[in-house]
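Structure data follow from my_file_34.txt (compact mmCIF, C-alpha atoms and all ligand atoms):
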# COMPACT_ATOMS: atom_id res chain seq x y z
CA MET P 18 -1.94 -19.12 -24.64
CA ALA P 19 -1.74 -16.48 -27.38
CA GLY P 20 -3.59 -17.53 -30.50
CA SER P 21 -5.28 -20.44 -28.73
CA GLY P 22 -8.50 -18.50 -28.38
CA SER P 23 -8.49 -19.02 -24.62
CA GLU P 24 -6.74 -15.82 -23.59
CA ARG P 25 -7.86 -14.80 -20.14
CA ALA P 26 -9.66 -11.54 -19.53
CA ALA P 27 -7.63 -8.48 -18.51
CA VAL P 28 -10.20 -7.77 -15.78
CA GLU P 29 -12.33 -10.43 -14.12
CA LEU P 30 -14.74 -10.21 -11.20
CA CYS P 31 -14.85 -13.45 -9.22
CA LYS P 32 -15.09 -14.92 -5.73
CA GLY P 33 -12.09 -15.02 -3.46
CA ILE P 34 -11.56 -16.63 -0.06
CA ASN P 35 -14.79 -17.11 1.96
CA GLY P 36 -16.80 -16.06 -1.09
CA LEU P 37 -15.62 -12.45 -0.85
CA ASP P 38 -15.78 -10.53 -4.13
CA LYS P 39 -12.45 -9.94 -5.77
CA VAL P 40 -11.20 -8.51 -9.03
CA VAL P 41 -8.34 -10.16 -10.89
CA LEU P 42 -6.25 -7.95 -13.18
CA ARG P 43 -4.04 -9.60 -15.80
CA GLY P 44 -1.23 -7.95 -17.75
CA PRO P 45 -0.28 -8.90 -21.32
CA ARG P 46 2.84 -10.89 -20.37
CA GLY P 47 1.67 -12.91 -17.37
CA SER P 48 1.66 -10.40 -14.53
CA SER P 49 -1.44 -10.17 -12.34
CA ALA P 50 -2.98 -8.45 -9.35
CA GLU P 51 -5.96 -9.20 -7.11
CA VAL P 52 -8.14 -6.67 -5.35
CA TYR P 53 -10.76 -7.54 -2.73
CA LEU P 54 -13.79 -5.24 -2.63
CA TYR P 55 -13.58 -5.71 1.13
CA GLY P 56 -11.19 -2.92 2.09
CA GLY P 57 -10.49 -1.95 -1.54
CA HIS P 58 -7.56 -4.15 -0.66
CA VAL P 59 -4.86 -5.37 -3.07
CA THR P 60 -3.92 -8.86 -1.85
CA SER P 61 -1.70 -10.09 -4.65
CA TRP P 62 0.72 -8.70 -7.22
CA ARG P 63 2.62 -11.16 -9.37
CA ASN P 64 5.31 -10.54 -11.96
CA ASP P 65 5.46 -12.03 -15.47
CA HIS P 66 6.94 -15.25 -13.99
CA GLY P 67 4.01 -15.63 -11.59
CA GLU P 68 6.12 -14.82 -8.52
CA GLU P 69 4.18 -13.18 -5.68
CA LEU P 70 5.63 -9.80 -4.73
CA LEU P 71 3.39 -8.89 -1.81
CA PHE P 72 3.26 -10.53 1.59
CA VAL P 73 -0.02 -11.81 3.03
CA SER P 74 0.10 -13.68 6.34
CA THR P 75 -0.62 -17.41 6.26
CA LYS P 76 -2.67 -16.73 9.42
CA GLU P 77 -4.98 -14.33 7.60
CA ILE P 78 -8.57 -15.63 7.76
CA PHE P 79 -10.31 -13.18 5.39
CA LYS P 80 -13.24 -12.59 7.75
CA PRO P 81 -14.74 -9.10 7.90
CA PRO P 82 -14.78 -6.91 9.94
CA LYS P 83 -11.12 -7.73 10.60
CA ALA P 84 -8.72 -5.97 8.23
CA ILE P 85 -6.65 -8.21 5.94
CA ARG P 86 -3.09 -8.72 7.25
CA GLY P 87 -0.86 -8.12 4.27
CA GLY P 88 -1.14 -6.84 0.70
CA ILE P 89 -1.97 -3.13 0.52
CA PRO P 90 -4.43 -1.97 3.21
CA ILE P 91 -5.83 1.53 2.62
CA CYS P 92 -5.49 3.64 5.77
CA PHE P 93 -8.14 6.40 5.71
CA PRO P 94 -9.19 8.81 7.21
CA GLN P 95 -6.81 8.18 10.09
CA PHE P 96 -3.29 6.84 10.26
CA GLY P 97 -2.38 4.65 13.24
CA SER P 98 -3.94 5.75 16.50
CA ASN P 99 -3.64 9.50 15.78
CA GLY P 100 -7.34 10.28 16.26
CA SER P 101 -10.60 9.04 17.71
CA LEU P 102 -11.38 6.42 15.03
CA GLU P 103 -10.26 2.80 14.95
CA GLN P 104 -6.57 2.16 14.18
CA HIS P 105 -5.80 3.26 10.58
CA GLY P 106 -9.38 4.46 10.04
CA PHE P 107 -12.32 2.55 8.62
CA ALA P 108 -11.65 2.27 4.86
CA ARG P 109 -9.85 -1.07 5.20
CA ASN P 110 -12.90 -2.52 7.02
CA LYS P 111 -15.55 -1.44 4.52
CA PHE P 112 -17.03 -3.11 1.48
CA TRP P 113 -16.15 -0.94 -1.50
CA SER P 114 -18.17 -0.93 -4.75
CA ILE P 115 -17.12 -1.08 -8.35
CA ASP P 116 -17.40 2.42 -9.77
CA THR P 117 -19.30 1.89 -13.01
CA ASP P 118 -19.24 5.54 -14.06
CA PRO P 119 -15.92 7.00 -12.90
CA PRO P 120 -15.01 10.54 -13.91
CA PRO P 121 -12.56 10.59 -16.82
CA PHE P 122 -9.11 9.49 -15.85
CA PRO P 123 -6.62 8.60 -18.58
CA THR P 124 -4.71 5.32 -18.66
CA THR P 125 -2.67 3.32 -21.14
CA SER P 126 -3.45 0.07 -19.34
CA LYS P 127 -6.28 -2.28 -20.31
CA SER P 128 -6.10 -3.95 -16.95
CA PHE P 129 -7.59 -1.72 -14.30
CA ILE P 130 -10.53 -1.42 -11.95
CA ASP P 131 -12.21 1.62 -10.42
CA LEU P 132 -13.59 1.26 -6.91
CA ILE P 133 -15.57 3.70 -4.83
CA LEU P 134 -16.31 4.16 -1.15
CA LYS P 135 -19.00 6.48 0.18
CA PRO P 136 -20.16 6.79 3.78
CA SER P 137 -23.29 5.08 5.06
CA GLU P 138 -25.50 6.85 7.61
CA GLU P 139 -23.93 4.73 10.32
CA ASP P 140 -20.44 5.77 9.16
CA MET P 141 -21.47 9.41 9.35
CA GLN P 142 -22.18 9.05 13.05
CA LYS P 143 -18.54 8.16 13.63
CA TRP P 144 -17.06 10.56 11.08
CA PRO P 145 -19.65 13.19 10.17
CA HIS P 146 -18.50 13.94 6.65
CA SER P 147 -19.74 13.22 3.21
CA TYR P 148 -17.06 12.12 0.75
CA GLU P 149 -16.38 10.08 -2.35
CA PHE P 150 -13.22 8.02 -2.28
CA ARG P 151 -12.28 6.67 -5.71
CA LEU P 152 -9.53 4.11 -5.98
CA ARG P 153 -8.11 2.99 -9.30
CA VAL P 154 -5.89 -0.09 -9.28
CA ALA P 155 -4.08 -0.65 -12.58
CA LEU P 156 -1.57 -3.13 -13.84
CA GLY P 157 0.81 -1.51 -16.34
CA ASN P 158 1.84 -3.30 -19.53
CA GLY P 159 5.26 -3.96 -17.97
CA GLY P 160 3.69 -5.44 -14.83
CA ASP P 161 3.92 -2.30 -12.68
CA LEU P 162 1.18 -1.87 -10.11
CA MET P 163 -0.39 1.59 -9.93
CA LEU P 164 -2.83 2.81 -7.32
CA THR P 165 -4.51 6.18 -7.53
CA SER P 166 -6.73 7.50 -4.76
CA ARG P 167 -9.00 10.48 -5.27
CA VAL P 168 -10.88 11.81 -2.26
CA ARG P 169 -13.56 14.46 -2.75
CA ASN P 170 -15.35 16.44 -0.08
CA THR P 171 -19.08 16.25 -0.87
CA ASN P 172 -20.26 17.88 2.39
CA ALA P 173 -23.44 19.86 1.74
CA ASP P 174 -23.05 21.88 4.94
CA GLY P 175 -20.04 23.83 3.65
CA LYS P 176 -17.67 22.22 6.15
CA PRO P 177 -14.12 21.23 5.34
CA PHE P 178 -12.71 17.93 6.62
CA THR P 179 -9.27 16.68 7.49
CA PHE P 180 -7.84 13.22 6.97
CA ALA P 181 -4.66 11.17 6.99
CA PHE P 182 -3.88 8.45 4.48
CA ALA P 183 -1.49 5.58 3.74
CA TYR P 184 -0.95 2.77 1.24
CA HIS P 185 0.22 0.30 3.88
CA THR P 186 2.18 -1.92 1.46
CA TYR P 187 3.55 -5.25 2.72
CA PHE P 188 6.44 -6.26 0.43
CA SER P 189 7.44 -9.92 0.30
CA VAL P 190 11.17 -10.28 0.98
CA SER P 191 13.41 -13.34 1.12
CA ASP P 192 15.03 -12.55 4.45
CA ILE P 193 14.70 -9.23 6.28
CA SER P 194 18.38 -9.33 7.26
CA GLU P 195 19.28 -9.20 3.54
CA VAL P 196 17.16 -6.13 2.78
CA ARG P 197 18.26 -2.49 2.35
CA VAL P 198 16.05 0.54 1.83
CA GLU P 199 17.53 3.40 -0.20
CA GLY P 200 16.14 6.93 -0.24
CA LEU P 201 15.32 7.56 3.41
CA GLU P 202 18.84 8.05 4.80
CA THR P 203 19.46 11.46 6.45
CA LEU P 204 15.71 12.21 6.74
CA ASP P 205 13.92 13.23 9.91
CA TYR P 206 11.49 10.67 11.28
CA LEU P 207 8.98 10.24 14.08
CA ASP P 208 9.68 7.05 16.01
CA ASN P 209 6.47 5.32 17.04
CA LEU P 210 8.49 3.12 19.39
CA GLU P 211 9.78 6.26 21.20
CA ASN P 212 6.52 8.16 21.81
CA LYS P 213 6.63 9.64 18.30
CA GLU P 214 9.76 11.60 19.16
CA ARG P 215 11.56 13.21 16.22
CA PHE P 216 15.04 11.97 15.22
CA THR P 217 17.30 12.27 12.18
CA GLU P 218 18.32 9.12 10.32
CA GLN P 219 22.07 8.74 10.28
CA GLY P 220 24.37 7.43 7.61
CA ASP P 221 23.75 4.76 5.06
CA ALA P 222 20.80 2.85 3.63
CA LEU P 223 18.41 1.34 6.17
CA THR P 224 19.02 -2.23 7.25
CA PHE P 225 17.00 -4.22 9.77
CA GLU P 226 17.92 -6.08 12.93
CA SER P 227 15.08 -5.24 15.33
CA GLU P 228 11.51 -3.90 15.46
CA VAL P 229 11.03 -0.72 13.45
CA ASP P 230 8.05 1.66 13.28
CA LYS P 231 9.11 5.04 11.88
CA VAL P 232 7.36 7.80 9.95
CA TYR P 233 9.93 9.42 7.64
CA LEU P 234 9.02 13.03 6.88
CA GLY P 235 9.38 14.68 3.50
CA ALA P 236 10.45 11.41 1.87
CA PRO P 237 11.55 11.54 -1.80
CA THR P 238 9.16 10.49 -4.54
CA LYS P 239 11.29 7.41 -5.26
CA ILE P 240 12.34 4.79 -2.71
CA ALA P 241 14.14 1.50 -3.48
CA ILE P 242 13.88 -1.71 -1.49
CA LEU P 243 16.76 -4.00 -2.37
CA ASP P 244 16.41 -7.70 -1.65
CA HIS P 245 19.97 -8.97 -1.81
CA GLU P 246 19.11 -12.66 -1.60
CA LYS P 247 16.29 -12.58 -4.18
CA LYS P 248 18.34 -10.26 -6.39
CA ARG P 249 15.22 -8.14 -6.74
CA THR P 250 14.66 -4.42 -6.25
CA PHE P 251 11.27 -2.91 -5.63
CA VAL P 252 10.99 0.68 -6.76
CA LEU P 253 8.25 2.68 -5.09
CA ARG P 254 7.21 5.96 -6.68
CA LYS P 255 4.73 8.18 -4.92
CA ASP P 256 2.96 11.44 -5.58
CA GLY P 257 0.90 13.59 -3.21
CA LEU P 258 2.17 11.55 -0.27
CA PRO P 259 4.96 13.31 1.64
CA ASP P 260 5.75 10.63 4.24
CA ALA P 261 7.06 7.07 4.18
CA VAL P 262 6.33 4.73 7.07
CA VAL P 263 8.65 1.79 7.62
CA TRP P 264 7.36 -1.05 9.79
CA ASN P 265 8.46 -4.51 10.80
CA PRO P 266 7.08 -5.97 14.05
CA TRP P 267 10.05 -8.31 14.60
CA ASP P 268 9.79 -11.42 16.77
CA LYS P 269 8.36 -10.19 20.06
CA LYS P 270 5.51 -8.14 18.60
CA ALA P 271 4.83 -10.85 15.99
CA LYS P 272 4.03 -13.26 18.81
CA THR P 273 1.34 -10.90 20.13
CA MET P 274 -0.42 -10.68 16.75
CA THR P 275 -3.03 -13.40 16.24
CA ASP P 276 -3.18 -12.90 12.46
CA PHE P 277 0.57 -13.08 11.89
CA GLY P 278 2.93 -16.08 12.14
CA ASP P 279 5.70 -15.99 14.73
CA ASP P 280 8.47 -16.07 12.09
CA GLU P 281 6.72 -14.17 9.31
CA TYR P 282 8.46 -10.92 10.23
CA MET P 283 11.51 -12.33 8.46
CA HIS P 284 9.72 -12.37 5.13
CA MET P 285 7.98 -9.01 4.98
CA LEU P 286 8.65 -5.31 5.18
CA CYS P 287 6.10 -2.51 5.13
CA VAL P 288 7.15 0.66 3.32
CA GLU P 289 4.06 2.84 3.27
CA ALA P 290 3.55 5.91 1.10
CA ALA P 291 1.57 8.17 3.42
CA ALA P 292 0.24 11.57 4.39
CA ALA P 293 0.51 10.82 8.10
CA GLU P 294 2.19 13.67 9.94
CA LYS P 295 0.30 16.62 8.44
CA PRO P 296 -3.31 15.71 7.69
CA ILE P 297 -4.90 16.92 4.45
CA THR P 298 -7.76 19.42 4.55
CA LEU P 299 -10.40 19.53 1.82
CA LYS P 300 -13.10 22.16 1.44
CA PRO P 301 -16.45 21.09 -0.09
CA GLY P 302 -15.97 20.41 -3.79
CA GLU P 303 -12.21 19.98 -3.47
CA GLU P 304 -10.42 16.78 -4.44
CA TRP P 305 -7.12 15.30 -3.29
CA LYS P 306 -5.10 12.78 -5.25
CA GLY P 307 -2.45 10.37 -3.92
CA ARG P 308 -0.61 7.99 -6.21
CA LEU P 309 1.58 4.95 -5.71
CA GLU P 310 3.47 3.12 -8.43
CA LEU P 311 5.34 -0.10 -7.68
CA SER P 312 7.74 -1.94 -9.93
CA ALA P 313 9.95 -4.93 -9.28
CA VAL P 314 13.18 -5.22 -11.25
CA PRO P 315 15.83 -7.93 -11.15
CA SER P 316 18.90 -6.55 -9.43
CA SER P 317 22.44 -7.80 -9.33
CA TYR P 318 23.19 -5.35 -6.58
CA CYS P 319 25.10 -7.92 -4.51
CA SER P 320 27.51 -8.52 -7.38
CA GLY P 321 28.04 -4.80 -7.77
CA GLN P 322 26.42 -4.53 -11.20
CA LEU P 323 23.65 -2.26 -10.06
CA ASP P 324 24.35 0.93 -8.26
CA PRO P 325 21.39 1.66 -5.94
CA GLN P 326 21.81 5.36 -6.74
CA LYS P 327 21.09 4.55 -10.37
CA VAL P 328 17.91 2.76 -9.35
CA LEU P 329 16.85 5.90 -7.56
CA GLN P 330 17.89 8.26 -10.35
CA SER P 331 16.51 6.35 -13.33
CA SER P 332 12.94 7.12 -14.24
O1 LIG Y 1 -1.86 -3.97 13.16
P1 LIG Y 1 -2.26 -2.84 12.24
O2 LIG Y 1 -3.38 -2.03 12.79
O3 LIG Y 1 -2.54 -3.33 10.86
O4 LIG Y 1 -1.01 -1.88 12.17
C1 LIG Y 1 0.25 -2.34 11.80
C2 LIG Y 1 1.26 -1.19 11.86
O5 LIG Y 1 0.89 -0.21 10.93
C3 LIG Y 1 1.76 0.92 10.79
O6 LIG Y 1 2.94 0.56 10.17
C4 LIG Y 1 2.01 1.60 12.12
O7 LIG Y 1 3.03 2.58 12.02
C5 LIG Y 1 2.35 0.59 13.19
O8 LIG Y 1 2.37 1.26 14.45
C6 LIG Y 1 1.34 -0.54 13.23
O9 LIG Y 1 1.71 -1.48 14.22
Could you show the structure in this file as structure tokens?
Ligand SMILES: O=P(O)(O)OC[C@H]1O[C@H](O)[C@H](O)[C@@H](O)[C@@H]1O
Amino acid sequence: MAGSGSERAAVELCKGINGLDKVVLRGPRGSSAEVYLYGGHVTSWRNDHGEELLFVSTKEIFKPPKAIRGGIPICFPQFGSNGSLEQHGFARNKFWSIDTDPPPFPTTSKSFIDLILKPSEEDMQKWPHSYEFRLRVALGNGGDLMLTSRVRNTNADGKPFTFAFAYHTYFSVSDISEVRVEGLETLDYLDNLENKERFTEQGDALTFESEVDKVYLGAPTKIAILDHEKKRTFVLRKDGLPDAVVWNPWDKKAKTMTDFGDDEYMHMLCVEAAAAEKPITLKPGEEWKGRLELSAVPSSYCSGQLDPQKVLQSS
């Protein structure tokens, strides 16, 4: 549409499913992303060809207070059931606001949105802490998706607080049996399917043939998800987030989930950049930052043209 005078805005606030507010981000060459204010939740990330890269369940009904099944839920201030709050904390069930006056934070992208979450009085009864959670979602000029979370302790009573965090990313994959994850081999992990017992990953890249729910500890900053059939590699870069959670419910668990199709486990994989095992402590006035950068590159891995090690080593 260049030159036609009808170029679409890089950032647009509009209504999504069920009239929920959403922000559409558009990159210069056709890429896009969508963020619902409900949950501060990224629900779509498309490449320059318009192909969707994230999985959202066809059973998802977009009805608060249920969290959205798919995309990138924000888990905060709890991960999983490790605490007294609801599963994965409350951030994914809250209506976030657009932050109209964010503190300075440099970017080269024109396509970004700043969101903010602060506790209500009711929230403070469940989690008695005052905080500001700022989330920036940006679409890079090359179509990369970048999420930056900044959490600040604004407690006036001098008390520190502790939290866990995850970007619970659901990647869309062609067929889970054709997927390999590079970067987590040989790491220690806690197996949620074995009472959180600690094991060491053996051997080669991860492949999938049954339910998996593992928290990899001290994961590298770069992880690659290779989709052999799609000839696509997702590269996940993370900062401030030591763990990587890998989850696929597989067939039996899928059937118990009302917001997830029986066969959808074949077409998704969660690889979640997280601070799950060791919670983060912030004193009043302190700020924590956790960053996720996702890119999707065509790969000819199956024909041997792309060495997965090179994917991991290249910057
Ligand atoms: O169903 P949800 O609350 O969205 O959680 C979905 C999954 O999230 C994470 O990956 C956890 O490690 C899993 O134990 C959990 O089943």
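Counting all atoms listed in the file, the residue from P:Trp144, P:Tyr233, P:Tyr206, P:Phe129 that sits nearest to Asp116 (chain P) is P:Phe129.
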Got a sec: who's within 7 Å of region 75-89 of chain P, counting all atoms listed in the file, leaving out chain neighbours fewer than 6 positions off, as a list in words?
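Near region 75-89 of chain P, the qualifying residues are Ile34, Asn35, His58, Val59, Thr60, Ser61, Arg109, Asn110, Tyr184, His185, Thr186, Tyr187, Asp276, Phe277 and Gly278 of chain P.
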How close does each residue of chain P get to ligand LIG 1 (chain Y), giving the shortest atom pair and distance in Å to one decimal for every residue with an atom at most 6 Å away, counting all atoms listed in the file, sorted by chain and residue number, as a tab-separated table?
residue	atom	partner	partner_atom	distance
P:Gly97	CA	Y:LIG1	C4	5.5
P:Gln104	CA	Y:LIG1	O2	5.4
P:Asp230	CA	Y:LIG1	O7	5.3
P:Trp264	CA	Y:LIG1	O6	4.7
When you count all atoms listed in the file, which of these residues is closest to Ala313 (chain P): P:Lys111, P:Arg43, P:His66, P:Lys270?
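Selected residue with least distance to Ala313 (chain P): P:His66.
Considering the residues P:Glu226, P:Glu218, P:Glu202, P:Asp192 and counting only C-alpha atoms, Asp280 (chain P) has its shortest atom-to-atom contact with P:Asp192.
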Given the choices P:Phe112, P:Phe93, P:Trp267, P:Tyr55, which gets closest to Val168 (chain P) if the distance is worked out from all atoms listed in the file?
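That would be P:Phe93, the residue with the smallest distance to Val168 (chain P).
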Give me, please, the distance in Å between CA of Ser189 (chain P) and CA of Leu286 (chain P), quoted to one decimal.
6.8 Å
Between CA of Gly56 (chain P) and CA of Asn265 (chain P), what is the spacing in Å?
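If I compute the distance from CA of Asn265 (chain P) to CA of Gly56 (chain P), I get 21.6 Å.
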Residues of region 54-167 of chain P that approach region 173-182 of chain P to 12 Å or less, counting only C-alpha atoms: could you list each one with the shortest pair of atoms and its distance in Å to one decimal, rows by chain and increasing residue number, as CSV?
residue,atom,partner,partner_atom,distance
P:Pro90,CA,P:Phe182,CA,10.5
P:Ile91,CA,P:Phe182,CA,7.4
P:Cys92,CA,P:Phe182,CA,5.2
P:Phe93,CA,P:Phe182,CA,4.9
P:Pro94,CA,P:Phe180,CA,4.6
P:Gln95,CA,P:Ala181,CA,4.8
P:Phe96,CA,P:Ala181,CA,5.6
P:Gly97,CA,P:Ala181,CA,9.3
P:Ser98,CA,P:Ala181,CA,11.0
P:Asn99,CA,P:Ala181,CA,9.0
P:Gly100,CA,P:Ala181,CA,9.7
P:Ser101,CA,P:Phe180,CA,11.9
P:Leu102,CA,P:Phe180,CA,11.1
P:Gln104,CA,P:Ala181,CA,11.7
P:His105,CA,P:Phe182,CA,8.2
P:Gly106,CA,P:Ala181,CA,8.8
P:Phe107,CA,P:Phe182,CA,11.1
P:Ala108,CA,P:Phe182,CA,9.9
P:Arg109,CA,P:Phe182,CA,11.3
P:Trp144,CA,P:Phe178,CA,9.7
P:Pro145,CA,P:Phe178,CA,9.1
P:His146,CA,P:Phe178,CA,7.0
P:Ser147,CA,P:Ala173,CA,7.7
P:Tyr148,CA,P:Phe178,CA,9.3
P:Phe150,CA,P:Phe182,CA,11.5
P:Ser166,CA,P:Phe182,CA,9.7
P:Arg167,CA,P:Phe182,CA,11.2
Kindly save the residues from that selection, with C-alpha atoms included, as a compact mmCIF listing (two decimals), in the coordinates of the input.
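Just written: part_20.txt:
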# COMPACT_ATOMS: atom_id res chain seq x y z
CA PRO P 90 -4.43 -1.97 3.21
CA ILE P 91 -5.83 1.53 2.62
CA CYS P 92 -5.49 3.64 5.77
CA PHE P 93 -8.14 6.40 5.71
CA PRO P 94 -9.19 8.81 7.21
CA GLN P 95 -6.81 8.18 10.09
CA PHE P 96 -3.29 6.84 10.26
CA GLY P 97 -2.38 4.65 13.24
CA SER P 98 -3.94 5.75 16.50
CA ASN P 99 -3.64 9.50 15.78
CA GLY P 100 -7.34 10.28 16.26
CA SER P 101 -10.60 9.04 17.71
CA LEU P 102 -11.38 6.42 15.03
CA GLN P 104 -6.57 2.16 14.18
CA HIS P 105 -5.80 3.26 10.58
CA GLY P 106 -9.38 4.46 10.04
CA PHE P 107 -12.32 2.55 8.62
CA ALA P 108 -11.65 2.27 4.86
CA ARG P 109 -9.85 -1.07 5.20
CA TRP P 144 -17.06 10.56 11.08
CA PRO P 145 -19.65 13.19 10.17
CA HIS P 146 -18.50 13.94 6.65
CA SER P 147 -19.74 13.22 3.21
CA TYR P 148 -17.06 12.12 0.75
CA PHE P 150 -13.22 8.02 -2.28
CA SER P 166 -6.73 7.50 -4.76
CA ARG P 167 -9.00 10.48 -5.27
Give me the residues near region 248-258 of chain P as a ChimeraX atom specification, where near means some atom within 9 Å (using only C-alpha atoms) and where sequence neighbours in that chain fewer than 2 positions away do not count.
/P:70,182-183,188,190,235-246,260-261,288,290-293,305-319,328-329
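A straight line drawn from CA of Arg197 (chain P) to CA of Asn212 (chain P) is 25.1 Å long.
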